[in-house]
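Next comes final_3.cif, a file with mmCIF, C-alpha atoms.
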data_structure
loop_
_atom_site.group_PDB
_atom_site.id
_atom_site.type_symbol
_atom_site.label_atom_id
_atom_site.label_comp_id
_atom_site.auth_asym_id
_atom_site.auth_seq_id
_atom_site.Cartn_x
_atom_site.Cartn_y
_atom_site.Cartn_z
ATOM 1 C CA MET A 7 84.927 45.107 105.018
ATOM 2 C CA LEU A 8 86.330 41.627 105.583
ATOM 3 C CA ARG A 9 83.306 40.065 103.941
ATOM 4 C CA THR A 10 83.694 42.346 100.900
ATOM 5 C CA LEU A 11 87.386 41.473 100.675
ATOM 6 C CA ALA A 12 86.649 37.755 100.897
ATOM 7 C CA THR A 13 84.034 38.043 98.168
ATOM 8 C CA PHE A 14 86.432 39.986 95.927
ATOM 9 C CA SER A 15 89.184 37.432 96.555
ATOM 10 C CA GLY A 16 86.854 34.584 95.650
ATOM 11 C CA LEU A 17 85.822 36.254 92.430
ATOM 12 C CA LEU A 18 89.470 36.946 91.603
ATOM 13 C CA LEU A 19 90.353 33.292 92.084
ATOM 14 C CA LEU A 20 87.466 32.270 89.842
ATOM 15 C CA ALA A 21 88.599 34.752 87.216
ATOM 16 C CA LEU A 22 92.153 33.399 87.321
ATOM 17 C CA ALA A 23 90.847 29.852 87.011
ATOM 18 C CA ALA A 24 88.822 30.917 83.998
ATOM 19 C CA ARG A 25 92.055 31.938 82.262
ATOM 20 C CA ALA A 26 93.493 28.424 82.577
ATOM 21 C CA ALA A 27 93.908 25.972 79.714
ATOM 22 C CA ALA A 28 91.450 26.180 76.842
ATOM 23 C CA ILE A 29 88.429 23.890 76.726
ATOM 24 C CA THR A 30 87.548 22.117 73.506
ATOM 25 C CA VAL A 31 84.241 20.542 72.543
ATOM 26 C CA PRO A 32 83.942 17.500 70.261
ATOM 27 C CA ALA A 33 83.090 17.861 66.592
ATOM 28 C CA THR A 34 79.716 16.881 65.169
ATOM 29 C CA THR A 35 79.051 14.523 62.263
ATOM 30 C CA ASP A 36 78.987 17.353 59.743
ATOM 31 C CA GLN A 37 82.398 18.485 61.009
ATOM 32 C CA ASP A 38 83.979 15.017 61.323
ATOM 33 C CA PRO A 39 82.903 12.470 58.680
ATOM 34 C CA ALA A 40 84.691 9.675 60.572
ATOM 35 C CA LEU A 41 82.068 9.686 63.335
ATOM 36 C CA PRO A 42 79.563 6.799 63.261
ATOM 37 C CA SER A 43 76.302 8.006 61.830
ATOM 38 C CA LEU A 44 72.875 7.122 60.497
ATOM 39 C CA THR A 45 71.105 9.218 57.880
ATOM 40 C CA ALA A 46 67.322 9.428 58.224
ATOM 41 C CA ASN A 47 64.689 12.069 57.540
ATOM 42 C CA GLY A 48 67.281 14.003 55.538
ATOM 43 C CA TYR A 49 69.651 14.395 58.501
ATOM 44 C CA ARG A 50 72.922 12.739 59.532
ATOM 45 C CA PHE A 51 72.543 11.612 63.150
ATOM 46 C CA HIS A 52 75.463 10.592 65.304
ATOM 47 C CA ALA A 53 74.485 6.965 65.931
ATOM 48 C CA GLU A 54 75.767 3.497 66.771
ATOM 49 C CA SER A 55 74.225 0.048 66.861
ATOM 50 C CA PHE A 56 75.330 -3.103 68.651
ATOM 51 C CA GLY A 57 74.215 -6.680 68.047
ATOM 52 C CA ASP A 58 73.268 -8.798 65.061
ATOM 53 C CA THR A 59 70.968 -7.204 62.503
ATOM 54 C CA GLY A 60 68.635 -10.210 62.634
ATOM 55 C CA LYS A 61 67.730 -9.664 66.284
ATOM 56 C CA PRO A 62 64.728 -7.627 67.446
ATOM 57 C CA VAL A 63 65.600 -3.923 67.666
ATOM 58 C CA LEU A 64 65.809 -1.902 70.872
ATOM 59 C CA ILE A 65 66.112 1.861 70.349
ATOM 60 C CA VAL A 66 67.483 3.907 73.255
ATOM 61 C CA LEU A 67 66.429 7.537 73.709
ATOM 62 C CA HIS A 68 68.676 9.760 75.824
ATOM 63 C CA GLY A 69 67.675 12.548 78.205
ATOM 64 C CA GLY A 70 67.854 16.297 77.976
ATOM 65 C CA PRO A 71 66.420 18.083 76.113
ATOM 66 C CA GLY A 72 69.837 18.553 74.593
ATOM 67 C CA GLY A 73 71.763 15.642 76.098
ATOM 68 C CA ASP A 74 73.467 12.748 74.334
ATOM 69 C CA TYR A 75 73.568 8.964 74.634
ATOM 70 C CA ARG A 76 77.084 8.533 76.009
ATOM 71 C CA TYR A 77 75.933 8.037 79.616
ATOM 72 C CA LEU A 78 73.598 5.222 78.497
ATOM 73 C CA LEU A 79 76.163 3.198 76.540
ATOM 74 C CA GLY A 80 76.195 0.561 79.289
ATOM 75 C CA LEU A 81 72.913 -0.615 77.767
ATOM 76 C CA GLN A 82 74.875 -2.000 74.833
ATOM 77 C CA ALA A 83 75.266 -5.098 77.045
ATOM 78 C CA LEU A 84 71.737 -5.959 75.889
ATOM 79 C CA SER A 85 73.163 -6.630 72.421
ATOM 80 C CA ASP A 86 73.257 -10.345 73.245
ATOM 81 C CA VAL A 87 69.449 -10.401 72.946
ATOM 82 C CA ARG A 88 68.677 -7.270 70.894
ATOM 83 C CA ARG A 89 70.134 -5.080 68.207
ATOM 84 C CA VAL A 90 70.612 -1.971 70.355
ATOM 85 C CA VAL A 91 70.469 1.355 68.504
ATOM 86 C CA PHE A 92 71.649 4.647 70.023
ATOM 87 C CA TYR A 93 71.441 8.064 68.405
ATOM 88 C CA ASP A 94 71.979 11.665 69.448
ATOM 89 C CA GLN A 95 68.762 13.548 68.812
ATOM 90 C CA ARG A 96 68.643 16.363 66.276
ATOM 91 C CA GLY A 97 70.789 19.291 67.421
ATOM 92 C CA SER A 98 72.164 17.322 70.385
ATOM 93 C CA GLY A 99 75.358 15.476 71.240
ATOM 94 C CA LEU A 100 77.484 14.921 68.164
ATOM 95 C CA SER A 101 74.614 15.334 65.713
ATOM 96 C CA PRO A 102 74.695 18.521 63.589
ATOM 97 C CA ARG A 103 73.426 21.780 65.034
ATOM 98 C CA VAL A 104 70.176 23.246 63.745
ATOM 99 C CA PRO A 105 68.386 26.558 64.429
ATOM 100 C CA ALA A 106 66.316 26.579 67.621
ATOM 101 C CA GLU A 107 63.187 27.572 65.708
ATOM 102 C CA THR A 108 63.290 24.283 63.757
ATOM 103 C CA ILE A 109 63.208 22.136 66.912
ATOM 104 C CA SER A 110 59.899 20.677 68.078
ATOM 105 C CA VAL A 111 58.498 17.568 69.719
ATOM 106 C CA GLU A 112 56.709 16.710 66.486
ATOM 107 C CA GLY A 113 59.980 16.936 64.581
ATOM 108 C CA TYR A 114 61.683 14.646 67.067
ATOM 109 C CA LEU A 115 58.895 12.100 66.679
ATOM 110 C CA ASP A 116 59.232 12.290 62.891
ATOM 111 C CA ASP A 117 62.971 11.671 63.250
ATOM 112 C CA LEU A 118 62.373 8.647 65.461
ATOM 113 C CA ASP A 119 59.807 7.230 63.065
ATOM 114 C CA ALA A 120 62.233 7.563 60.149
ATOM 115 C CA ILE A 121 64.871 5.710 62.176
ATOM 116 C CA VAL A 122 62.384 2.981 63.160
ATOM 117 C CA ASN A 123 61.401 2.473 59.518
ATOM 118 C CA GLN A 124 65.052 2.198 58.545
ATOM 119 C CA VAL A 125 66.412 -0.116 61.253
ATOM 120 C CA SER A 126 63.328 -2.312 61.705
ATOM 121 C CA PRO A 127 61.155 -2.136 58.574
ATOM 122 C CA GLY A 128 57.821 -3.877 59.060
ATOM 123 C CA ARG A 129 58.752 -5.178 62.508
ATOM 124 C CA PRO A 130 57.798 -3.593 65.861
ATOM 125 C CA ILE A 131 60.634 -2.361 68.042
ATOM 126 C CA ASP A 132 61.339 -2.270 71.753
ATOM 127 C CA LEU A 133 61.776 1.300 72.969
ATOM 128 C CA LEU A 134 63.683 2.506 76.040
ATOM 129 C CA GLY A 135 63.837 6.130 77.085
ATOM 130 C CA HIS A 136 65.339 7.914 80.057
ATOM 131 C CA SER A 137 63.993 11.228 81.419
ATOM 132 C CA TRP A 138 63.295 13.464 78.394
ATOM 133 C CA GLY A 139 63.905 10.394 76.239
ATOM 134 C CA ALA A 140 61.169 8.545 78.138
ATOM 135 C CA MET A 141 58.801 11.426 77.434
ATOM 136 C CA LEU A 142 59.558 11.104 73.717
ATOM 137 C CA ALA A 143 59.194 7.313 73.907
ATOM 138 C CA SER A 144 55.730 7.695 75.429
ATOM 139 C CA ALA A 145 54.701 10.254 72.803
ATOM 140 C CA TYR A 146 55.960 8.043 69.969
ATOM 141 C CA THR A 147 54.101 5.021 71.328
ATOM 142 C CA GLY A 148 50.902 7.047 71.467
ATOM 143 C CA ARG A 149 51.382 8.108 67.875
ATOM 144 C CA HIS A 150 52.483 4.693 66.558
ATOM 145 C CA PRO A 151 51.187 2.001 68.951
ATOM 146 C CA ASP A 152 51.507 -0.631 66.228
ATOM 147 C CA LYS A 153 55.247 -0.004 65.822
ATOM 148 C CA VAL A 154 56.205 -0.616 69.476
ATOM 149 C CA ARG A 155 56.425 -4.067 71.042
ATOM 150 C CA ARG A 156 57.633 -3.276 74.564
ATOM 151 C CA LEU A 157 58.156 0.086 76.231
ATOM 152 C CA VAL A 158 60.606 1.016 79.024
ATOM 153 C CA LEU A 159 60.117 4.454 80.591
ATOM 154 C CA ALA A 160 62.864 5.371 83.051
ATOM 155 C CA GLU A 161 61.703 8.409 85.023
ATOM 156 C CA PRO A 162 59.920 10.484 82.379
ATOM 157 C CA GLY A 163 59.800 14.006 83.780
ATOM 158 C CA PHE A 164 56.163 14.721 82.914
ATOM 159 C CA LEU A 165 53.617 13.555 80.372
ATOM 160 C CA ASP A 166 51.084 16.405 80.460
ATOM 161 C CA LYS A 167 50.364 19.744 82.114
ATOM 162 C CA ASP A 168 48.938 17.998 85.194
ATOM 163 C CA THR A 169 52.284 16.344 85.973
ATOM 164 C CA MET A 170 54.487 19.189 84.740
ATOM 165 C CA GLU A 171 54.499 21.194 87.973
ATOM 166 C CA ALA A 172 55.826 18.302 90.059
ATOM 167 C CA ALA A 173 58.692 17.739 87.617
ATOM 168 C CA MET A 174 59.670 21.360 87.042
ATOM 169 C CA GLY A 175 59.488 22.620 90.630
ATOM 170 C CA GLY A 176 62.393 22.852 93.034
ATOM 171 C CA GLY A 177 63.742 24.899 95.869
ATOM 172 C CA TRP A 178 67.148 26.292 96.740
ATOM 173 C CA PRO A 179 69.744 24.168 94.895
ATOM 174 C CA GLY A 180 72.479 24.528 97.535
ATOM 175 C CA TRP A 181 75.806 26.344 97.610
ATOM 176 C CA ALA A 182 77.653 23.545 95.809
ATOM 177 C CA VAL A 183 75.384 23.925 92.805
ATOM 178 C CA VAL A 184 75.435 27.722 92.906
ATOM 179 C CA GLY A 185 79.223 27.689 93.105
ATOM 180 C CA GLY A 186 79.411 25.222 90.242
ATOM 181 C CA MET A 187 77.192 27.434 88.124
ATOM 182 C CA ALA A 188 79.411 30.443 88.828
ATOM 183 C CA ARG A 189 82.529 28.490 87.859
ATOM 184 C CA ALA A 190 80.854 27.250 84.705
ATOM 185 C CA TRP A 191 79.769 30.760 83.746
ATOM 186 C CA LEU A 192 83.321 32.051 84.067
ATOM 187 C CA SER A 193 84.910 28.989 82.505
ATOM 188 C CA GLN A 194 82.791 29.186 79.355
ATOM 189 C CA TRP A 195 85.154 31.910 78.094
ATOM 190 C CA ARG A 196 87.916 29.299 78.000
ATOM 191 C CA VAL A 197 86.042 27.317 75.363
ATOM 192 C CA ASP A 198 88.001 27.260 72.110
ATOM 193 C CA SER A 199 85.137 27.491 69.638
ATOM 194 C CA GLY A 200 87.347 26.960 66.593
ATOM 195 C CA GLY A 201 84.841 28.927 64.548
ATOM 196 C CA ASP A 202 81.882 26.880 65.837
ATOM 197 C CA PRO A 203 79.229 29.409 66.946
ATOM 198 C CA HIS A 204 77.474 26.811 69.123
ATOM 199 C CA ALA A 205 80.497 25.492 71.026
ATOM 200 C CA ARG A 206 80.506 27.867 74.006
ATOM 201 C CA ARG A 207 76.762 27.736 74.631
ATOM 202 C CA ASP A 208 76.734 23.946 74.251
ATOM 203 C CA TRP A 209 79.506 23.560 76.815
ATOM 204 C CA LEU A 210 77.802 25.867 79.328
ATOM 205 C CA ILE A 211 74.429 24.144 79.023
ATOM 206 C CA GLY A 212 76.133 20.773 79.457
ATOM 207 C CA GLN A 213 77.659 21.940 82.731
ATOM 208 C CA MET A 214 74.345 23.339 83.953
ATOM 209 C CA MET A 215 72.396 20.198 83.077
ATOM 210 C CA THR A 216 74.786 18.088 85.141
ATOM 211 C CA LEU A 217 74.668 20.491 88.084
ATOM 212 C CA PHE A 218 70.873 20.390 88.133
ATOM 213 C CA GLN A 219 71.084 16.624 88.800
ATOM 214 C CA ALA A 220 72.565 17.143 92.276
ATOM 215 C CA GLY A 221 69.097 17.253 93.843
ATOM 216 C CA ALA A 222 68.228 13.815 92.460
ATOM 217 C CA THR A 223 71.118 11.746 93.838
ATOM 218 C CA CYS A 224 71.351 9.667 97.001
ATOM 219 C CA ASP A 225 74.250 11.676 98.445
ATOM 220 C CA GLY A 226 73.363 15.140 97.131
ATOM 221 C CA ARG A 227 76.507 15.386 95.040
ATOM 222 C CA VAL A 228 76.716 16.386 91.407
ATOM 223 C CA PRO A 229 76.786 13.109 89.438
ATOM 224 C CA ALA A 230 79.775 12.268 87.250
ATOM 225 C CA LEU A 231 77.794 11.510 84.102
ATOM 226 C CA GLU A 232 79.713 11.035 80.880
ATOM 227 C CA GLY A 233 78.568 13.096 77.933
ATOM 228 C CA TRP A 234 80.008 14.352 74.680
ATOM 229 C CA ARG A 235 78.310 17.656 74.102
ATOM 230 C CA ALA A 236 75.026 19.289 75.020
ATOM 231 C CA GLY A 237 72.740 20.963 72.519
ATOM 232 C CA GLY A 238 72.246 24.511 73.748
ATOM 233 C CA ALA A 239 69.747 25.437 71.032
ATOM 234 C CA VAL A 240 67.659 22.353 71.850
ATOM 235 C CA TYR A 241 67.596 23.224 75.530
ATOM 236 C CA ASP A 242 66.599 26.799 74.718
ATOM 237 C CA ALA A 243 63.915 25.691 72.248
ATOM 238 C CA MET A 244 62.237 23.420 74.797
ATOM 239 C CA ILE A 245 63.044 24.325 78.420
ATOM 240 C CA GLY A 246 63.715 27.984 77.645
ATOM 241 C CA ARG A 247 60.503 28.347 75.664
ATOM 242 C CA MET A 248 58.502 26.609 78.385
ATOM 243 C CA GLY A 249 59.659 29.259 80.836
ATOM 244 C CA ASP A 250 58.925 32.121 78.458
ATOM 245 C CA ASP A 251 55.653 30.833 77.018
ATOM 246 C CA PRO A 252 53.295 29.189 79.559
ATOM 247 C CA ALA A 253 50.721 28.517 76.834
ATOM 248 C CA PHE A 254 53.289 26.468 74.905
ATOM 249 C CA ALA A 255 54.131 24.510 78.039
ATOM 250 C CA ALA A 256 50.465 23.832 78.803
ATOM 251 C CA ARG A 257 49.917 22.408 75.302
ATOM 252 C CA LEU A 258 52.665 19.822 75.629
ATOM 253 C CA SER A 259 51.393 16.264 75.916
ATOM 254 C CA PHE A 260 53.521 13.145 75.762
ATOM 255 C CA ARG A 261 50.700 10.726 76.559
ATOM 256 C CA ARG A 262 48.227 11.465 73.787
ATOM 257 C CA GLY A 263 47.075 8.159 72.278
ATOM 258 C CA VAL A 264 48.933 5.839 74.692
ATOM 259 C CA GLU A 265 45.656 4.283 75.812
ATOM 260 C CA ALA A 266 45.628 2.483 72.449
ATOM 261 C CA PHE A 267 48.899 0.702 73.242
ATOM 262 C CA ALA A 268 48.204 -2.815 74.530
ATOM 263 C CA GLY A 269 51.816 -3.914 74.926
ATOM 264 C CA PRO A 270 53.680 -4.172 78.232
ATOM 265 C CA VAL A 271 55.164 -1.042 79.811
ATOM 266 C CA LEU A 272 57.894 -0.931 82.450
ATOM 267 C CA LEU A 273 58.230 2.293 84.418
ATOM 268 C CA MET A 274 61.481 2.615 86.353
ATOM 269 C CA THR A 275 62.336 5.034 89.130
ATOM 270 C CA GLY A 276 65.052 5.728 91.661
ATOM 271 C CA GLY A 277 64.349 5.895 95.371
ATOM 272 C CA CYS A 278 66.531 9.010 95.730
ATOM 273 C CA SER A 279 64.776 11.002 93.006
ATOM 274 C CA PRO A 280 62.329 13.354 94.749
ATOM 275 C CA ARG A 281 60.562 15.137 91.901
ATOM 276 C CA MET A 282 60.530 12.410 89.243
ATOM 277 C CA GLY A 283 60.448 9.444 91.622
ATOM 278 C CA GLU A 284 57.805 6.920 92.560
ATOM 279 C CA ALA A 285 54.946 9.334 93.231
ATOM 280 C CA GLN A 286 55.382 10.973 89.833
ATOM 281 C CA GLN A 287 55.671 7.670 87.995
ATOM 282 C CA ARG A 288 52.511 6.370 89.649
ATOM 283 C CA ARG A 289 50.731 9.388 88.200
ATOM 284 C CA HIS A 290 52.025 8.335 84.784
ATOM 285 C CA MET A 291 51.103 4.658 85.183
ATOM 286 C CA VAL A 292 47.374 5.282 85.060
ATOM 287 C CA HIS A 293 47.529 6.237 81.385
ATOM 288 C CA PHE A 294 48.828 2.833 80.255
ATOM 289 C CA ARG A 295 46.763 -0.335 79.971
ATOM 290 C CA ASN A 296 49.500 -2.817 80.872
ATOM 291 C CA ALA A 297 52.120 -1.133 83.072
ATOM 292 C CA ARG A 298 54.139 -1.992 86.147
ATOM 293 C CA LEU A 299 56.577 0.056 88.219
ATOM 294 C CA VAL A 300 60.017 -0.882 89.558
ATOM 295 C CA ASN A 301 61.721 1.262 92.203
ATOM 296 C CA LEU A 302 65.500 1.006 92.649
ATOM 297 C CA PRO A 303 65.944 2.242 96.248
ATOM 298 C CA ASP A 304 69.660 3.124 96.008
ATOM 299 C CA ALA A 305 69.436 5.063 92.747
ATOM 300 C CA GLY A 306 68.727 8.659 91.856
ATOM 301 C CA HIS A 307 67.398 10.031 88.579
ATOM 302 C CA ALA A 308 70.422 8.642 86.698
ATOM 303 C CA LEU A 309 69.421 5.131 87.679
ATOM 304 C CA PHE A 310 71.295 3.339 84.868
ATOM 305 C CA ASN A 311 74.492 4.924 86.188
ATOM 306 C CA ASP A 312 73.790 4.792 89.926
ATOM 307 C CA GLN A 313 72.683 1.140 89.975
ATOM 308 C CA PRO A 314 73.653 -0.288 86.573
ATOM 309 C CA GLU A 315 73.472 -3.970 87.535
ATOM 310 C CA ALA A 316 70.097 -3.709 89.230
ATOM 311 C CA ALA A 317 68.688 -1.552 86.422
ATOM 312 C CA MET A 318 69.975 -3.911 83.747
ATOM 313 C CA ARG A 319 68.546 -6.898 85.568
ATOM 314 C CA GLU A 320 65.076 -5.338 85.564
ATOM 315 C CA VAL A 321 65.265 -4.407 81.872
ATOM 316 C CA ARG A 322 66.417 -7.906 80.912
ATOM 317 C CA ARG A 323 63.621 -9.495 82.926
ATOM 318 C CA PHE A 324 61.110 -7.265 81.190
ATOM 319 C CA LEU A 325 62.440 -7.863 77.666
ATOM 320 C CA ASP A 326 62.639 -11.634 78.198
ATOM 321 C CA ALA A 327 59.142 -11.971 79.669
ATOM 322 C CA GLN A 328 56.542 -13.863 77.688
ATOM 323 C CA PRO A 329 53.884 -11.719 75.978
#

Would you kindly transcribe this structure into structure tokens?
Amino acid sequence: MLRTLATFSGLLLLALAARAAAITVPATTDQDPALPSLTANGYRFHAESFGDTGKPVLIVLHGGPGGDYRYLLGLQALSDVRRVVFYDQRGSGLSPRVPAETISVEGYLDDLDAIVNQVSPGRPIDLLGHSWGAMLASAYTGRHPDKVRRLVLAEPGFLDKDTMEAAMGGGWPGWAVVGGMARAWLSQWRVDSGGDPHARRDWLIGQMMTLFQAGATCDGRVPALEGWRAGGAVYDAMIGRMGDDPAFAARLSFRRGVEAFAGPVLLMTGGCSPRMGEAQQRRHMVHFRNARLVNLPDAGHALFNDQPEAAMREVRRFLDAQP
């Protein structure tokens, strides 16, 4: 009886909290024309660039699927040696929403190629990706090895079906995560959609994506990563479809063609990242002709946020190295 009463009381408190102040989500570039943007492949991406246009270009690819580049903005410090370009991938962050059925890896690679051709015509780029973004960076390099000069892969989750299981597995997430998920589920009804049919789902997926990071931090806490807005449809089109369609998941390959890339590759990992850490990245290394691995012992999966100075130092050393 007491346990039932305690459970009911907890749920009541959560329900009351869910009726608190409304939550708003930021507008996208099609809703707010004042946002910085870049139009490529017939689409208006939320995007920013830092550094002189005459410098070699470094394009940064954020994680997800369905994240945004806000948490990686510290990399703009590299603008003293590169023109650093950030963009929110199609359907993600502050870029316009699109139907889930139009989202694919191939489409994302086409988007990236259109951006490369626009910001660095006729000149190879440096490419840096984190997590999902690193998976896309690897896939793009395999497709266009002549368009990439140097490649930084910060904890790509998996590159093929052989490395997928290690990245996607996981045990009990812990009560803190479960409680956070319950609060997020209730709190989603506080989202003021303002007529935006994607707002509530985007907000909920953003909360869940952050909570899932708790198992890849040095202290086990949920990381305080800054983000604008998740892309719920993107997450559903990729992660959701992988769960529902094993054949689709088995066909995914982000390493096809990378053996043709002769340029240098830096793989980065955090010592507190169990599933996507050093062991996983060593599995990825074997597919590249000229790769080395750096392990940041006091960082988790969000290594550019956990150890920004150490991570930046390694990236600078890699970009400045002689061919």

Suppose a student applies the PyMOL selection byres ((chain A and resi 222-226) around 8) to this structure; what residues should they get, written as a VMD selection string? chain A and resid 219 to 221 227 to 229 278 to 281 304 to 308

Could I get the residues of stretch 49-112 of chain A with an atom no further than 12 Å from an atom of stretch 152-155 of chain A, each paired with its nearest atom pair and that distance in Å to one decimal, using all atoms listed in the file, sorted by chain and residue number, as JSON lines?
{"residue": "A:Pro62", "atom": "CA", "partner": "A:Arg155", "partner_atom": "CA", "distance": 9.7}
{"residue": "A:Val63", "atom": "CA", "partner": "A:Arg155", "partner_atom": "CA", "distance": 9.8}
{"residue": "A:Leu64", "atom": "CA", "partner": "A:Arg155", "partner_atom": "CA", "distance": 9.6}
{"residue": "A:Ile65", "atom": "CA", "partner": "A:Val154", "partner_atom": "CA", "distance": 10.2}

The PyMOL selection byres ((chain A and resi 168) around 12) applied to the shown file, residues as a ChimeraX atom specification: /A:163-167,169-174,255-261,286,289-290

Result set of the PyMOL selection byres ((chain A and resi 293-301) around 10) on the coordinates above, as a PyMOL selection string: chain A and resi 144+148+157-160+165+261-278+283-284+287-292+302-305+309+317+320-321

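When all atoms listed in the file are used to compute distances to A:Trp209, the closest of the residues A:Leu44, A:Met187, A:Leu79, A:Val31 turns out to be A:Val31.
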
Excluding same-chain residues fewer than 5 positions from A:Pro314, what lies within 9 Å of it counting all atoms listed in the file, as a ChimeraX atom specification? /A:80-81,309,319

Could you turn the residues from that selection into a file that holds C-alpha atoms, as a PDB file, in the coordinates of the input?
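Below you can see selection-v6.pdb, which holds the result:
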ATOM      1  CA  GLY A  80      76.195   0.561  79.289  1.00  0.00           C
ATOM      2  CA  LEU A  81      72.913  -0.615  77.767  1.00  0.00           C
ATOM      3  CA  LEU A 309      69.421   5.131  87.679  1.00  0.00           C
ATOM      4  CA  ARG A 319      68.546  -6.898  85.568  1.00  0.00           C
TER       5      ARG A 319
END

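Those residues that approach stretch 74-76 of chain A to within 10 Å, counting only C-alpha atoms, are His52, Ala53, Glu54, Val66, Leu67, His68, Phe92, Tyr93, Asp94, Gln95, Gly97, Ser98, Gly99, Leu100, Ser101, His136, Gly139, Gly212, Leu231, Glu232, Gly233, Trp234, Arg235, Ala236 and Gly237 of chain A; same-chain residues fewer than 6 positions away are not listed.
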
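Distances from A:Leu41, A:Met318, A:Ile29, A:Ile131 to A:Leu210 were compared using all atoms listed in the file, and the smallest one belongs to A:Ile29.
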
Using only C-alpha atoms for the distances, tell me which of A:Leu78, A:Ile245, A:Val197, A:Ala253 is nearest to A:Gly135.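 Closest to A:Gly135 of all the choices is A:Leu78.
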
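Relative to atom CA of A:Pro71, atom CA of A:Pro252 is found at 17.5 Å.
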
Quick one: distance from atom CA of A:Ser43 to atom CA of A:Gln124 in Å, one decimal?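 These two atoms are separated by 13.1 Å.
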